[in-house]
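Next comes structure-v1.cif, a file with mmCIF, C-alpha atoms and all ligand atoms.
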data_entry
loop_
_atom_site.label_atom_id
_atom_site.label_comp_id
_atom_site.auth_asym_id
_atom_site.auth_seq_id
_atom_site.Cartn_x
_atom_site.Cartn_y
_atom_site.Cartn_z
CA MET A 1 32.83 102.12 83.46
CA GLY A 2 29.53 103.46 82.05
CA GLY A 3 29.81 101.08 79.11
CA SER A 4 30.17 97.99 81.31
CA SER A 5 27.08 98.97 83.36
CA ILE A 6 24.98 99.28 80.18
CA HIS A 7 26.36 95.94 79.10
CA ARG A 8 25.28 94.38 82.42
CA ILE A 9 21.75 95.77 81.99
CA GLN A 10 21.56 94.40 78.44
CA VAL A 11 22.62 90.93 79.61
CA LYS A 12 20.05 91.04 82.40
CA THR A 13 17.29 92.09 79.97
CA LEU A 14 18.31 89.37 77.55
CA LYS A 15 18.18 86.74 80.31
CA TRP A 16 14.68 87.91 81.25
CA MET A 17 13.58 87.83 77.65
CA ILE A 18 14.87 84.29 77.20
CA PHE A 19 13.10 83.25 80.40
CA ILE A 20 9.78 84.77 79.31
CA LEU A 21 10.05 83.37 75.81
CA SER A 22 10.77 79.90 77.21
CA LEU A 23 7.76 80.24 79.49
CA ILE A 24 5.53 81.22 76.57
CA PHE A 25 6.94 78.34 74.56
CA ILE A 26 6.31 75.86 77.37
CA LEU A 27 2.76 77.14 77.89
CA LEU A 28 2.03 76.92 74.17
CA PHE A 29 3.54 73.48 74.05
CA PHE A 30 1.32 72.18 76.80
CA SER A 31 -1.78 73.78 75.35
CA TYR A 32 -1.18 72.25 71.90
CA PRO A 33 -3.53 69.27 71.85
CA HIS A 34 -2.32 65.77 72.19
CA ALA A 35 -4.94 63.54 70.53
CA ASP A 36 -5.34 59.76 70.26
CA ILE A 37 -8.04 58.94 67.74
CA GLU A 38 -9.08 55.45 66.62
CA VAL A 39 -12.07 53.69 65.09
CA THR A 40 -13.76 51.53 67.73
CA GLU A 41 -14.29 47.79 67.34
CA TRP A 42 -18.00 48.20 66.47
CA TYR A 43 -20.33 51.06 65.67
CA ASN A 44 -21.59 53.04 68.65
CA ASN A 45 -19.00 51.20 70.74
CA ALA A 46 -21.34 48.18 70.95
CA GLY A 47 -20.07 44.91 72.41
CA GLY A 48 -20.57 42.98 69.16
CA ALA A 49 -22.32 42.96 65.80
CA LEU A 50 -25.34 41.04 64.51
CA SER A 51 -26.70 40.72 60.97
CA ILE A 52 -30.10 39.30 60.06
CA THR A 53 -30.09 37.77 56.58
CA PHE A 54 -32.78 36.21 54.39
CA ASP A 55 -32.44 33.97 51.35
CA ASP A 56 -34.54 33.07 48.34
CA CYS A 57 -36.89 36.13 48.44
CA ASP A 58 -39.95 34.33 49.86
CA GLU A 59 -42.79 36.89 49.79
CA ASN A 60 -43.49 36.30 53.50
CA GLN A 61 -40.15 37.91 54.28
CA TYR A 62 -41.69 41.14 53.02
CA LEU A 63 -45.23 40.57 54.31
CA ILE A 64 -44.41 39.18 57.78
CA ALA A 65 -40.73 39.55 58.74
CA TYR A 66 -40.13 43.08 57.49
CA PRO A 67 -42.94 44.77 59.52
CA ILE A 68 -41.77 43.00 62.70
CA MET A 69 -38.18 44.07 62.11
CA ARG A 70 -39.26 47.63 61.42
CA LYS A 71 -41.15 47.68 64.72
CA TYR A 72 -37.86 46.99 66.52
CA GLY A 73 -35.80 49.31 64.32
CA ILE A 74 -33.87 46.38 62.86
CA ARG A 75 -32.59 46.32 59.28
CA GLY A 76 -31.41 43.18 57.49
CA SER A 77 -29.96 41.79 54.26
CA PHE A 78 -32.36 40.20 51.76
CA GLY A 79 -30.70 37.83 49.28
CA VAL A 80 -32.55 37.97 45.97
CA VAL A 81 -32.48 35.31 43.25
CA THR A 82 -33.12 37.61 40.32
CA SER A 83 -34.84 35.07 38.03
CA TRP A 84 -37.29 34.15 40.81
CA VAL A 85 -38.57 37.66 41.53
CA GLY A 86 -42.36 37.99 41.21
CA LYS A 87 -42.88 34.28 40.53
CA THR A 88 -44.08 31.19 42.36
CA VAL A 89 -41.05 28.93 42.33
CA GLU A 90 -40.60 25.37 43.41
CA GLN A 91 -38.05 24.46 46.03
CA PRO A 92 -36.90 20.89 46.88
CA GLU A 93 -39.54 18.42 48.07
CA ASN A 94 -42.11 19.72 45.58
CA ILE A 95 -42.97 22.79 47.64
CA PHE A 96 -44.09 25.92 45.79
CA ILE A 97 -43.38 29.35 47.23
CA LYS A 98 -44.43 32.80 46.12
CA ARG A 99 -41.43 35.14 45.81
CA MET A 100 -41.27 38.89 46.33
CA SER A 101 -41.90 41.27 43.44
CA TRP A 102 -39.51 44.09 42.54
CA ASP A 103 -42.02 46.56 44.00
CA GLU A 104 -41.93 44.69 47.31
CA ILE A 105 -38.13 44.52 47.21
CA ARG A 106 -37.97 48.26 46.59
CA ASN A 107 -40.38 48.79 49.49
CA LEU A 108 -37.87 47.17 51.84
CA GLY A 109 -36.45 50.70 52.00
CA ASP A 110 -33.10 50.98 53.72
CA ASN A 111 -32.64 47.24 54.18
CA GLU A 112 -29.79 45.74 52.18
CA ILE A 113 -30.59 43.89 48.96
CA SER A 114 -27.93 41.23 48.41
CA SER A 115 -27.39 39.01 45.42
CA HIS A 116 -28.29 35.35 45.86
CA SER A 117 -27.31 34.86 42.16
CA CYS A 118 -29.53 34.79 39.04
CA ASN A 119 -30.61 31.15 39.06
CA HIS A 120 -29.60 29.66 42.41
CA LYS A 121 -27.09 27.23 40.91
CA LEU A 122 -24.19 25.71 42.79
CA LEU A 123 -21.47 28.24 41.85
CA THR A 124 -18.57 25.84 42.48
CA GLU A 125 -19.77 23.63 39.62
CA LEU A 126 -20.22 26.28 36.94
CA ASN A 127 -17.89 27.06 34.03
CA GLU A 128 -16.25 30.49 33.96
CA LYS A 129 -18.82 32.03 31.63
CA ASP A 130 -21.84 30.92 33.66
CA LEU A 131 -20.12 31.86 36.88
CA LEU A 132 -19.48 35.41 35.66
CA PHE A 133 -23.09 35.64 34.55
CA GLU A 134 -24.53 34.51 37.91
CA ILE A 135 -22.31 36.93 39.82
CA GLN A 136 -22.27 40.01 37.59
CA GLU A 137 -25.70 39.90 35.95
CA SER A 138 -27.52 39.48 39.28
CA LYS A 139 -25.67 42.51 40.68
CA LYS A 140 -26.47 44.55 37.58
CA ILE A 141 -30.18 43.66 37.69
CA ILE A 142 -30.48 44.39 41.43
CA GLU A 143 -28.75 47.76 41.07
CA LYS A 144 -30.95 48.70 38.11
CA GLU A 145 -34.18 47.66 39.86
CA THR A 146 -33.42 49.14 43.29
CA GLY A 147 -31.19 52.10 42.39
CA LYS A 148 -28.85 51.03 45.21
CA ARG A 149 -25.38 49.50 45.19
CA CYS A 150 -25.30 45.72 45.60
CA ILE A 151 -22.11 44.76 47.45
CA THR A 152 -23.05 41.52 49.22
CA MET A 153 -23.43 37.97 47.89
CA HIS A 154 -25.28 35.22 49.74
CA TYR A 155 -23.73 32.15 48.11
CA PRO A 156 -26.33 29.68 46.81
CA PHE A 157 -26.00 26.57 48.98
CA SER A 158 -23.33 28.54 50.91
CA ARG A 159 -20.55 27.10 48.76
CA THR A 160 -17.54 29.00 47.42
CA ASP A 161 -13.87 28.71 46.44
CA GLU A 162 -10.88 31.00 45.75
CA ASN A 163 -11.80 31.58 42.11
CA ILE A 164 -15.35 32.61 43.00
CA LYS A 165 -14.05 34.92 45.71
CA ASN A 166 -11.67 36.59 43.24
CA ILE A 167 -14.44 37.13 40.70
CA LEU A 168 -16.60 38.70 43.40
CA LYS A 169 -13.78 41.07 44.34
CA GLN A 170 -13.19 42.06 40.72
CA SER A 171 -16.92 42.51 40.14
CA GLY A 172 -17.33 45.10 42.89
CA TYR A 173 -18.67 42.96 45.70
CA LEU A 174 -17.32 43.77 49.13
CA CYS A 175 -18.38 40.70 51.05
CA ALA A 176 -20.13 37.34 50.84
CA ARG A 177 -21.89 35.05 53.27
CA THR A 178 -21.36 31.33 53.82
CA LEU A 179 -22.63 28.97 56.53
CA GLU A 180 -20.00 27.77 58.98
CA SER A 181 -21.98 28.20 62.20
CA GLU A 182 -19.23 30.28 63.74
CA ILE A 183 -18.94 33.70 65.32
CA ASN A 184 -16.91 35.92 62.97
CA ARG A 185 -13.77 37.43 64.42
CA ASP A 186 -11.68 39.43 61.98
CA PRO A 187 -13.17 37.40 59.10
CA ASP A 188 -12.27 37.02 55.45
CA LEU A 189 -15.04 39.29 54.12
CA TYR A 190 -15.74 36.88 51.25
CA GLU A 191 -16.39 34.05 53.69
CA VAL A 192 -18.51 35.59 56.39
CA SER A 193 -19.93 32.74 58.45
CA SER A 194 -23.58 32.45 59.43
CA TYR A 195 -25.91 30.29 61.52
CA ALA A 196 -29.06 28.90 59.89
CA VAL A 197 -32.34 29.31 61.75
CA PHE A 198 -34.08 25.97 61.06
CA ASP A 199 -37.28 26.35 63.08
CA ASP A 200 -38.66 27.77 66.35
CA ASP A 201 -36.48 25.45 68.45
CA HIS A 202 -33.30 25.20 66.35
CA PRO A 203 -31.81 27.31 67.71
CA SER A 204 -34.10 27.99 70.66
CA LEU A 205 -34.48 31.45 72.16
CA ALA A 206 -32.29 30.37 75.09
CA GLU A 207 -29.59 29.14 72.71
CA LEU A 208 -29.71 32.38 70.73
CA ASN A 209 -29.42 34.32 73.97
CA GLU A 210 -26.33 32.32 74.93
CA LEU A 211 -24.80 32.75 71.49
CA LEU A 212 -25.28 36.52 71.58
CA ASP A 213 -23.71 36.75 75.02
CA LEU A 214 -20.71 34.76 73.81
CA CYS A 215 -20.43 37.00 70.75
CA ILE A 216 -20.45 40.12 72.92
CA LYS A 217 -17.89 38.59 75.27
CA GLU A 218 -15.59 37.86 72.34
CA ARG A 219 -16.42 41.13 70.58
CA GLY A 220 -17.40 39.19 67.46
CA TRP A 221 -19.98 39.34 64.68
CA ILE A 222 -22.91 36.91 64.37
CA VAL A 223 -24.85 36.46 61.15
CA LEU A 224 -28.19 34.64 61.17
CA MET A 225 -29.66 33.06 58.04
CA TYR A 226 -33.45 32.93 57.71
CA HIS A 227 -35.64 31.50 54.97
CA HIS A 228 -39.36 31.29 55.71
CA ILE A 229 -41.57 33.04 58.24
CA ASP A 230 -44.98 31.39 58.51
CA GLU A 231 -47.71 30.37 60.96
CA ASN A 232 -47.42 26.83 59.67
CA PRO A 233 -43.77 25.71 59.37
CA GLN A 234 -44.81 22.16 58.38
CA LYS A 235 -45.87 23.57 55.01
CA TYR A 236 -42.19 23.90 54.17
CA THR A 237 -41.09 20.32 54.63
CA THR A 238 -42.27 16.78 53.94
CA GLY A 239 -40.41 15.69 57.03
CA THR A 240 -37.00 14.94 55.51
CA TYR A 241 -35.54 18.25 56.60
CA LEU A 242 -36.21 20.85 59.25
CA PRO A 243 -38.47 23.44 57.59
CA LEU A 244 -36.12 26.48 57.67
CA CYS A 245 -39.20 28.31 58.91
CA VAL A 246 -39.98 30.20 62.10
CA THR A 247 -43.42 31.35 63.21
CA PRO A 248 -44.11 35.10 63.36
CA GLU A 249 -44.47 34.88 67.17
CA THR A 250 -41.02 33.34 67.59
CA PHE A 251 -39.51 35.73 65.06
CA GLU A 252 -40.86 38.65 67.09
CA GLU A 253 -39.50 37.15 70.33
CA GLN A 254 -36.10 36.88 68.65
CA MET A 255 -36.15 40.49 67.44
CA LYS A 256 -37.14 41.61 70.93
CA LEU A 257 -34.23 39.65 72.39
CA PHE A 258 -31.75 41.05 69.86
CA SER A 259 -32.76 44.64 70.44
CA SER A 260 -32.31 44.22 74.21
CA LYS A 261 -28.60 43.35 73.80
CA ASP A 262 -25.49 45.51 73.70
CA ILE A 263 -25.01 44.58 70.06
CA TRP A 264 -24.90 46.59 66.84
CA ILE A 265 -27.56 45.21 64.46
CA ALA A 266 -26.84 46.09 60.84
CA PRO A 267 -26.94 44.56 57.35
CA VAL A 268 -23.95 42.42 56.31
CA GLY A 269 -22.67 44.98 53.79
CA GLU A 270 -22.71 47.76 56.37
CA VAL A 271 -20.77 45.71 58.92
CA ALA A 272 -18.30 44.71 56.18
CA ILE A 273 -17.75 48.36 55.25
CA TYR A 274 -17.22 49.20 58.91
CA LEU A 275 -14.61 46.43 59.25
CA ARG A 276 -12.88 47.56 56.07
CA GLU A 277 -12.80 51.19 57.12
CA LYS A 278 -11.56 50.25 60.57
CA ARG A 279 -8.64 48.45 58.93
CA GLU A 280 -7.93 50.89 56.13
CA CYS A 281 -9.38 54.36 56.61
CA GLU A 282 -7.11 57.32 57.07
CA ILE A 283 -8.21 60.00 59.46
CA GLU A 284 -6.89 63.41 58.46
CA ILE A 285 -6.21 65.44 61.60
CA GLU A 286 -5.46 69.15 61.54
CA LYS A 287 -4.53 70.63 64.90
CA SER A 288 -4.22 74.18 66.14
CA PHE A 289 -4.17 75.75 69.62
CA THR A 290 -7.92 76.27 69.57
CA LYS A 291 -9.40 73.47 67.49
CA ILE A 292 -8.90 70.08 65.88
CA LYS A 293 -10.37 69.29 62.48
CA LEU A 294 -11.07 65.68 61.49
CA PHE A 295 -11.86 64.29 58.07
CA ILE A 296 -12.33 60.66 57.03
CA LYS A 297 -12.25 59.95 53.33
CA SER A 298 -14.32 56.94 52.25
CA ASP A 299 -15.96 55.44 49.16
CA TYR A 300 -18.97 54.63 51.34
CA ASN A 301 -21.28 56.60 53.52
CA VAL A 302 -21.44 54.28 56.52
CA PRO A 303 -20.96 56.05 59.86
CA LEU A 304 -18.00 55.11 62.04
CA THR A 305 -17.43 55.48 65.76
CA LEU A 306 -14.27 57.18 66.93
CA LYS A 307 -12.71 56.91 70.35
CA ILE A 308 -11.06 60.21 71.12
CA ASN A 309 -8.57 60.89 73.86
CA LEU A 310 -7.54 64.54 74.23
CA SER A 311 -5.19 66.44 76.48
CA TRP A 312 -7.64 69.36 76.56
CA ARG A 313 -9.92 69.49 79.55
CA ARG A 314 -13.13 70.52 77.83
CA VAL A 315 -14.22 70.59 74.20
CA ARG A 316 -17.27 71.24 72.04
CA VAL A 317 -17.89 69.11 68.92
CA LYS A 318 -19.58 70.13 65.67
CA GLY A 319 -20.23 68.04 62.55
CA SER A 320 -20.60 64.60 64.20
CA LEU A 321 -23.80 62.59 64.76
CA ASN A 322 -23.61 63.24 68.49
CA ASP A 323 -22.43 66.85 68.77
CA GLY A 324 -22.04 68.30 72.25
CA GLU A 325 -19.61 69.13 75.03
CA TYR A 326 -17.12 66.53 76.17
CA SER A 327 -14.13 66.20 78.43
CA GLY A 328 -11.23 63.75 78.48
CA SER A 329 -12.02 60.53 76.64
CA PHE A 330 -15.23 60.27 74.59
CA TYR A 331 -16.90 58.57 71.60
CA LEU A 332 -18.10 60.25 68.43
CA ASN A 333 -20.29 58.74 65.70
CA VAL A 334 -19.22 60.36 62.47
CA LEU A 335 -20.08 60.19 58.80
CA PRO A 336 -17.12 60.03 56.45
CA ASN A 337 -16.47 62.67 53.81
CA ARG A 338 -17.43 65.60 55.97
CA GLU A 339 -15.54 67.81 58.38
CA ILE A 340 -15.81 67.39 62.13
CA VAL A 341 -14.45 70.16 64.34
CA ILE A 342 -13.50 69.84 68.00
CA TYR A 343 -13.29 73.29 69.61
CA ARG A 344 -11.32 73.88 72.76
CA GLU A 345 -13.43 75.33 75.57
CA PHE A 346 -11.38 77.72 77.70
CA PHE A 347 -14.02 78.56 80.27
CA GLY A 348 -16.50 76.63 82.35
ZN ZN A 401 -30.89 29.87 48.70
#

Show me, as structure tokens, the structure contained in the file I just sent.
Amino acid sequence: MGGSSIHRIQVKTLKWMIFILSLIFILLFFSYPHADIEVTEWYNNAGGALSITFDDCDENQYLIAYPIMRKYGIRGSFGVVTSWVGKTVEQPENIFIKRMSWDEIRNLGDNEISSHSCNHKLLTELNEKDLLFEIQESKKIIEKETGKRCITMHYPFSRTDENIKNILKQSGYLCARTLESEINRDPDLYEVSSYAVFDDDHPSLAELNELLDLCIKERGWIVLMYHHIDENPQKYTTGTYLPLCVTPETFEEQMKLFSSKDIWIAPVGEVAIYLREKRECEIEIEKSFTKIKLFIKSDYNVPLTLKINLSWRRVRVKGSLNDGEYSGSFYLNVLPNREIVIYREFFG
């Protein structure tokens, strides 16, 4: 009789233990973070992307355009023809233009320096040897002179083909710009389309405004192609063509318009890296009951924006570009190749 009573007590204790253990397990399970993490469409969760590009290294790009851009915190991509640097070079219609020097190109600071080839020849008509030279030598010279990686090509005359694209890929370029007058949506990075800015009225400020709004609506990427900035656009044409020149006043109006929009303005190469990382990057996530560690491995140092959805009510973030306290769903701007930690906040 005594034995059976002890047995009953043991069974009761066991049942209680199982109940408590299950409860602990359930509580732990629900406190273990559930996390959805993805790279957003554009940096800083902007509605679209915009790149300002220049061709042919006209010295006025440095003397006039660059200070205006800097005033609005806008960086662009400057396509350099390496054999033209520091010289006064003729362009069609017998017009002579002074080109930037290497010192001026270096002074462009954190703007992107793209290759616009060595000699501005039509790449689609070159033999293999000359083609390799135009693509690889220009990159080598730019990297040596600027000390920065050159990953973007502005095709001379905006012409390309599959062979040229393959050589670019093999030579370490990440992207290249053409002229298709289209908004880019999930583009082939070696055929990024752009719109030429021909003069103060083509496109007009109103047309640019409309184009940007459409781009934001479609969550696309617009690239603009500039050549000359000058008080006197007529200097750049004999009347056969539009001058490919805008006045400094109009250029400033345009920069003002761009910076008022919900659009991420960045050099072509930076946007291309963002698109690549969005498609390919792997986010390492290490979870525990009290924190989540994130790490993005990348060959580049371009910041990405993450959309984070957590089951935890409140968290504190360290190691991002916008550290702070967050709850529920939030956005983090993060640099790759460094650890970001999201701590669970139990109180408050
Ligand atoms: Zn050109």

query = Neighbours of range 275-285 of chain A within 7 Å (all atoms listed in the file; same-chain residues fewer than 4 positions away dropped), as a PyMOL selection string?
reply = chain A and resi 39+271+292-297

Nearby residues, ligand ZN 401 (chain A), 7 Å, only C-alpha atoms and all ligand atoms, as a PyMOL selection string = chain A and resi 55-56+116+120+156-157

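Ranking A:Asn322, A:Thr240, A:Ser22, A:Ser83 by their shortest atom-to-atom distance to Arg99 in chain A, with all atoms listed in the file included, puts A:Ser83 first.
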
inquiry  = Here's a test: counting only C-alpha atoms, identify every protein, DNA and RNA residue with an atom at most 6 Å from (-19.2, 37.0, 63.0) in the file's coordinate frame, and state them as a ChimeraX atom specification.
reply    = /A:183-185,220-223

Can you spit out the residues from that selection as a short mmCIF file (atom, residue, chain, number, x, y, z; two decimals), keeping the file's coordinate frame, using C-alpha atoms?
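Once everything was written out, this is part.cif:
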data_model
loop_
_atom_site.label_atom_id
_atom_site.label_comp_id
_atom_site.auth_asym_id
_atom_site.auth_seq_id
_atom_site.Cartn_x
_atom_site.Cartn_y
_atom_site.Cartn_z
CA ILE A 183 -18.94 33.70 65.32
CA ASN A 184 -16.91 35.92 62.97
CA ARG A 185 -13.77 37.43 64.42
CA GLY A 220 -17.40 39.19 67.46
CA TRP A 221 -19.98 39.34 64.68
CA ILE A 222 -22.91 36.91 64.37
CA VAL A 223 -24.85 36.46 61.15
#

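Using all atoms listed in the file, the shortest contact distance between Pro33 in chain A and any of A:Pro243, A:Gly328, A:Gly79, A:Gly47 is found at A:Gly328.
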
message = Residues within 10 Å of Asp103 in chain A, please, as a ChimeraX atom specification. Count all atoms listed in the file; anything in the same chain fewer than 2 positions from it doesn't count.
response = /A:85-86,100-101,105-108,145-146

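CA of Leu50 in chain A is positioned 26.5 Å from CA of Ser329 in chain A.
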
Distance in Å - CA of Ser193 in chain A versus CA of Glu252 in chain A = 23.4 Å

task = Give the answer as one residue: which of A:Lys140, A:His202, A:His228, A:Arg149 has the shortest atom-to-atom distance to Tyr62 in chain A, using only C-alpha atoms?
result = A:His228

The centre and edge lengths of an axis-aligned box containing all atoms of range 254-269 of chain A present in the file, extended by 6 Å on each side, are to be given in Å to one decimal, as AutoDock Vina command-line options.
--center_x -29.9 --center_y 41.7 --center_z 64.0 --size_x 26.5 --size_y 21.7 --size_z 32.4

inquiry  = When you look at Phe251 in chain A with a cut-off of 9 Å (counting all atoms listed in the file), what residues show up, excluding the ones that are within fewer than 2 positions of it in the same chain? I need them as number ranges by chain.
reply    = A: 65, 68-69, 200, 229, 246-249, 253-256

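Atom pair CA of Lys139 in chain A / CA of Lys98 in chain A: separated by 21.8 Å.
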
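Environment of (-10.1, 64.5, 76.3): residues at most 7 Å away, judged by only C-alpha atoms, are Ile308, Asn309, Leu310, Ser311, Trp312, Arg313, Arg314, Ser327, Gly328, Ser329 and Phe330 of chain A.
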
key: Close residues, Asn333 in chain A itself excluded, 6 Å, all atoms listed in the file, min 3 positions apart in chain, as an MDAnalysis selection string   = chainID A and resid 304:305 321

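Compared by their closest atoms to Asn45 in chain A, and using all atoms listed in the file, the residues A:Asp201, A:Asp130, A:Asp110, A:Asp262 rank with A:Asp262 nearest.
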
Residue contacts of Lys129 in chain A (12 Å, all atoms listed in the file) excluding same-chain residues fewer than 6 positions away, as a PDB file with C-alpha atoms, keeping the file's coordinate frame:
ATOM      1  CA  LEU A 123     -21.470  28.240  41.850  1.00  0.00           C
ATOM      2  CA  ILE A 135     -22.310  36.930  39.820  1.00  0.00           C
ATOM      3  CA  GLN A 136     -22.270  40.010  37.590  1.00  0.00           C
ATOM      4  CA  GLU A 137     -25.700  39.900  35.950  1.00  0.00           C
ATOM      5  CA  ILE A 164     -15.350  32.610  43.000  1.00  0.00           C
ATOM      6  CA  ILE A 167     -14.440  37.130  40.700  1.00  0.00           C
TER       7      ILE A 167
END

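Closest approach to Tyr300 in chain A from the set A:Met153, A:Leu179, A:Leu208, A:Ile273 is made by A:Ile273, with distances taken over only C-alpha atoms.
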
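If you measure from each of A:Ser115, A:Ser298, A:Ser77, A:Gln91 to Gln61 in chain A using only C-alpha atoms, the closest one turns out to be A:Ser77.
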